[in-house]
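Q: First, the structure itself, so that you have it in front of you.
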Amino acid sequence: MQFNVEWLKKWVAIDLDTAELSARLTASGLEVESVKPVADDFSGIVVAEIEDCRPHPNADKLQLCTVNAGSSAEHLQIVCGAPNARAGIRVPLARIGAGIGPDFKVKSVKLRGVESAGMLCSAKELGLSDDHSGLLELPQDAPIGADLREYLSLDDTTIEVDLTPNRADCLSIRGLARDVSASCSADYIGLDIPAVPAVINDRLPIRLESPRDCPRYAARIIRGIDPCAPTPLWMAETLRRCGLRSISPVVDVTNYVLLELGHPMHAFDLDRLSDEIVVRRGREGEKLVLLDESEVEVDESTLAICDSAGPVAIAGIMGGLNSAVSESTTDILFESAYFNPATIMVTARDYGMHTDASHRYERGVDPQLQLTALERASALLIEIAGGEPGPVLLAEEPADIPRNQPVSLRHDRLNAIVGHEIGKDTVDEIFSRLGMDATWCDGSWTVIAPSNRFDIKIEEDLIEEVARISGYDEIPEAPPSGILATRTTGHEVSLGQLRGALCAGGYQEAINYSFIDRRQLENVHHADQVLALANPLSSDMDVMRTTLLPGLLTSLARNTRRQQNRVRLFETGVVFLQGDKLTEKQHVAAVAAGDAWPEQWGVSARAMDFYDIKGEVERLFSLRGDDTEQLLFEAGELAWMHPGASALISLKNQSIGWCGAVHPKVLKALGIKKAVFAFELDLNTLLLREVPYAKPISRFPSIRRDIAVLLENDVTYQEVKNCIISAAGSLLEKVLVFDQYQGNNLKKGYKSLAIGLIFKNVSSTLKDEDVDPLIETVVSDLEQRLGAQLRG
């Protein structure tokens, strides 16, 4: 939000220099991004009138202007090349000796052999704007000879504040003034906006077919305006200082009200509307040419302003070209409406559009401001361009208009959170200056925020308001206090250990935003249970992530596009699942692309495969130091994973994640041209472990028995291993597979596994008669439970 200080001072009684005002704004949470003067440094520039223009005798594109500077009866001769130089206009004149900028002084010079006693100036030369198409034309009542800086009140400063999405109330001078009134303990002046009486009785029917999207729509017909009326200098200058250029009286009035009150408005050419105004969703096949001359389809996802013939505007974003006000428009319809912020946010994102109107509507506007804004715009337009106003036309659905609910604030809670005592009188004054209706009873306030402060929902919001207005720098410094709870780490693997293990495996840690584009989640088939943000920072950060995968894949894609052929990234963080209630879960995920090993001379290059990523998961679980709990990898249907090269992971019959190759369609959507392997696990399960305890090391030798069994291909090694462990008993120390064979000499659909079983006893040396019965039991169980056959 950009504004000029002198305009702010008309709304709030402050007497601060720019530096102090900027400091107060930033300290109260309205961060000042830039401060700059409204005009460049110049002196000696006066208002002058061109009385005569004639061609230069030696140059086709120059003119000799006779100029009245008002200082004496003597007229000055100025050589000028501006295309709009003509008799009768009043323009800025830099007289001899005038200074423009730090280094330039105007001198008497000869231009093509003719003496020029000064310089007529454009807006760009004075640092007022980038317009250098011609001389800056001043109003005809500008006093000749007056100092231009004083006449235009150019000893002013522009301040731009960077607002967080929840502070839409400060997207106007009115809202800023209310906040400055509180933070600077200054009187709020405000503005009395009386109703404009109707002169004619012209009406246009209004229907709300989608009241949840637009619960209030106000309008007014004004006939007989002068389309050629000039915008007054004070309004054009105010718009310029706030970053907008003057276009026409109707457009300038709507922009002025937008900046002054924070309410977007739109004006239609009444003669181009048919029969009625209908606020509804678009329909299949409808199209609209917008003001920027682009054509868009208006389907059911779009809220549109329509007449009987079809859409004439995209609600809250941009009007249509065919119904726009032009240089010949004399009859208009003013629109002032309240739109659901979520509706406008989605529509603006879908069309990839961002306008001053959508910027405010998607953050929320005051739901009670529509009639006030309409009256203000009507009065300004009639003052500038004349016209006869009709009555206010209003269609509304009161049940769908949001209203602020009472919020309680406990005094002791306030002081406990802030960390020092803030007196009741101080809090009362803060609430009063912020326009809040606060009542005190039994040690707490019940507060109803003004309609433009829809960000006040809970007690903590009020605590923040009191803290920032009273001043964060007023909070005394104090060392942390409290009682630290004892904590044992034996039951868990530390997050540092996990990160260290991944870094040791060649992975680098990535940190991505928790809020992402919904389309990213749709790409990886995780768009259900999504929590949408009420006030997103931008349209591509509109939902909370339900998985860590999109952020990691986006980072991997960015690296591979920059010639990084082998990429390993991991991230730990929170994912958000919206069901009956919001659930937050800690996850760890990783992505990998490229060769299995870094390039080297000792090992030939090999592409990464499923077993590499599976091994990474097993290596992380080995940090738990527990051999009794077995991970189970099972094939499953995962839409974002490659079929046949992915697995669901479970522990104690509880799903804890997945791993494998990412589906080629997902990679294509992200522009990734090589295979990517990934995993994502529940972090809390991964970090939880039994308390480790010391075991005696056996002084006796172990015995190893190798067996080879024939199994059907769909029998997993995990099933074989679980069967062996349950059958072999406590003497079994380790199970390992050292060969797998599938060939023509085996039955079709079968495989051979060679398995080593290692037995050991901590109290005596094992003998064959101790181990042989165990091997027989193992083989018998494999045959009965898995259909295995012992091979010779």
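FYI, nothing fancy with the structure tokens labels: chains A, B, ... in order, residues from 1 per chain, ligands from 1 as they appear.
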Do a neighbour search on range 776-778 of chain A at 8 Å with only C-alpha atoms, toss out local chain neighbours closer than 3 positions, and write the hits as a PyMOL selection string.

A: chain A and resi 723-724+727-728+772-773+781-782

Q: Please provide the set of residues having any atom within 8 Å of Asp609 in chain A, restricted to only C-alpha atoms, with same-chain residues fewer than 5 positions apart removed, written as a list of chain:residue names.

A: A:Ala596, A:Ala661, A:Phe677

Q: Just to be explicit: take each residue in the selection above, keep C-alpha atoms, and write the result as a CSV table (one decimal), in the first residue's frame.

A:
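Okay, this is what ended up in out_37.csv:
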```
chain,number,residue,atom,x,y,z
A,596,ALA,CA,23.7,-45.3,-7.5
A,661,ALA,CA,10.2,-45.2,-8.3
A,677,PHE,CA,13.3,-42.8,-6.5
```

Q: So which one's closest to Ile672 in chain A, A:Asn565, A:Ser622, A:Asn415, A:Thr685? Using only C-alpha atoms, please.

A: A:Asn565

Q: Pick from A:His132, A:His263, A:Lys287, A:Arg562: nearest to Gly316 in chain A, with only C-alpha atoms counted?

A: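 The closest residue to Gly316 in chain A is A:His263.
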
Q: Using DSSP secondary structure from the backbone, list all alpha helix (DSSP H) positions within range 403-650 of chain A, as JSON, numbers by chain.

A: {"A": [411, 412, 413, 414, 415, 416, 417, 418, 424, 425, 426, 427, 428, 429, 430, 431, 432, 433, 459, 460, 461, 462, 463, 464, 465, 466, 467, 468, 469, 470, 495, 496, 497, 498, 499, 500, 501, 502, 503, 504, 518, 519, 520, 521, 522, 523, 549, 550, 551, 552, 553, 554, 555, 556, 557, 558, 559, 560, 610, 611, 612, 613, 614, 615, 616, 617, 618, 619, 620, 621]}

Q: Could you pull the residues within 9 Å of Glu509 in chain A, counting only C-alpha atoms, minus those fewer than 4 positions along the same chain, as a list of chain:residue names?

A: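 The neighbour list is A:Arg499, A:Leu502, A:Cys503, A:Arg568, A:Leu569, A:Phe570, A:Glu571, A:Thr572, A:Ala590.
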
Q: Using N, CA and C atoms, can you export the residues from the last selection as an mmCIF file, in the first residue's frame?

A:
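For reference, out_31.cif as written:
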```
data_model
loop_
_atom_site.group_PDB
_atom_site.id
_atom_site.type_symbol
_atom_site.label_atom_id
_atom_site.label_comp_id
_atom_site.auth_asym_id
_atom_site.auth_seq_id
_atom_site.Cartn_x
_atom_site.Cartn_y
_atom_site.Cartn_z
ATOM 1 N N ARG A 499 19.220 -37.109 10.660
ATOM 2 C CA ARG A 499 19.770 -36.224 9.632
ATOM 3 C C ARG A 499 21.211 -36.587 9.321
ATOM 4 N N LEU A 502 21.357 -39.611 7.030
ATOM 5 C CA LEU A 502 21.025 -39.293 5.639
ATOM 6 C C LEU A 502 22.145 -38.512 4.970
ATOM 7 N N CYS A 503 22.728 -37.566 5.699
ATOM 8 C CA CYS A 503 23.854 -36.808 5.130
ATOM 9 C C CYS A 503 25.037 -37.735 4.857
ATOM 10 N N ARG A 568 20.581 -35.925 -4.517
ATOM 11 C CA ARG A 568 20.028 -36.613 -3.353
ATOM 12 C C ARG A 568 19.540 -35.538 -2.368
ATOM 13 N N LEU A 569 18.231 -35.489 -2.101
ATOM 14 C CA LEU A 569 17.661 -34.491 -1.197
ATOM 15 C C LEU A 569 16.751 -35.167 -0.177
ATOM 16 N N PHE A 570 16.733 -34.641 1.039
ATOM 17 C CA PHE A 570 15.780 -35.114 2.034
ATOM 18 C C PHE A 570 15.206 -33.928 2.790
ATOM 19 N N GLU A 571 14.065 -34.154 3.440
ATOM 20 C CA GLU A 571 13.420 -33.110 4.231
ATOM 21 C C GLU A 571 12.650 -33.748 5.378
ATOM 22 N N THR A 572 12.687 -33.100 6.524
ATOM 23 C CA THR A 572 11.813 -33.469 7.642
ATOM 24 C C THR A 572 10.884 -32.298 7.903
ATOM 25 N N ALA A 590 12.604 -38.371 1.116
ATOM 26 C CA ALA A 590 13.832 -38.166 0.344
ATOM 27 C C ALA A 590 13.554 -38.480 -1.120
#
```

Q: Taking 5 positions as the minimum chain separation for residues in the same chain, which residues sit within 7 Å of range 453-458 of chain A when counting only C-alpha atoms? Answer as number ranges by chain.

A: A: 166, 169, 404, 407

Q: For those residues, write N, CA, C and O atoms to a file as a JSON list (two decimals), in the first residue's frame.

A:
```json
[["chain", "number", "residue", "atom", "x", "y", "z"],
["A", 166, "ASN", "N", -3.36, -10.65, 6.40],
["A", 166, "ASN", "CA", -4.48, -10.48, 7.33],
["A", 166, "ASN", "C", -4.81, -9.01, 7.62],
["A", 166, "ASN", "O", -5.82, -8.73, 8.25],
["A", 169, "ASP", "N", -7.39, -4.32, 6.20],
["A", 169, "ASP", "CA", -7.99, -3.05, 6.64],
["A", 169, "ASP", "C", -7.06, -1.87, 6.38],
["A", 169, "ASP", "O", -7.52, -0.73, 6.30],
["A", 404, "ASN", "N", -18.72, -9.73, 12.70],
["A", 404, "ASN", "CA", -17.75, -10.05, 13.74],
["A", 404, "ASN", "C", -18.47, -10.47, 15.01],
["A", 404, "ASN", "O", -19.45, -9.84, 15.42],
["A", 407, "VAL", "N", -15.37, -11.33, 21.19],
["A", 407, "VAL", "CA", -14.17, -12.08, 21.58],
["A", 407, "VAL", "C", -13.79, -11.62, 22.99],
["A", 407, "VAL", "O", -13.75, -10.42, 23.27]]
```

Q: Looking only at the backbone, which of the residues in range 154-268 of chain A does DSSP tag as strand (DSSP E), as a PyMOL selection string?

A: chain A and resi 157-162+206-208+216-223+266-268

Q: Rounded to one decimal, what separation in Å do you get between CA of Glu237 in chain A and CA of Leu128 in chain A?

A: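 Separating CA of Glu237 in chain A from CA of Leu128 in chain A is a distance of 9.2 Å.
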
Q: With a distance cut-off of 6 Å and only C-alpha atoms, select the neighbouring residues of Glu49 in chain A, excluding the residue or stretch itself and same-chain residues fewer than 6 positions from it, and output the selection as a list in words.

A: Val67, Asn68, Ile89 and Arg90 of chain A

Q: From the set A:Leu233, A:Ala218, A:Val251, A:Ala123, which residue has the shortest atom-to-atom contact distance to Gln368 in chain A, counting only C-alpha atoms?

A: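 Result for the nearest residue to Gln368 in chain A: A:Ala218.
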
Q: Tell me which of A:Ile475, A:Leu25, A:Leu374, A:Ile448 sits closest to Ala416 in chain A, counting only C-alpha atoms.

A: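 So, comparing all the options, the nearest one is A:Ile475.
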
Q: Neighbouring residues of Ser129 in chain A were defined as those with any atom within 10 Å, considering only C-alpha atoms; residues of the same chain fewer than 3 positions away were excluded. Please report them as a VMD selection string.

A: chain A and resid 38 to 40 122 to 126 132 240 to 241 243 245
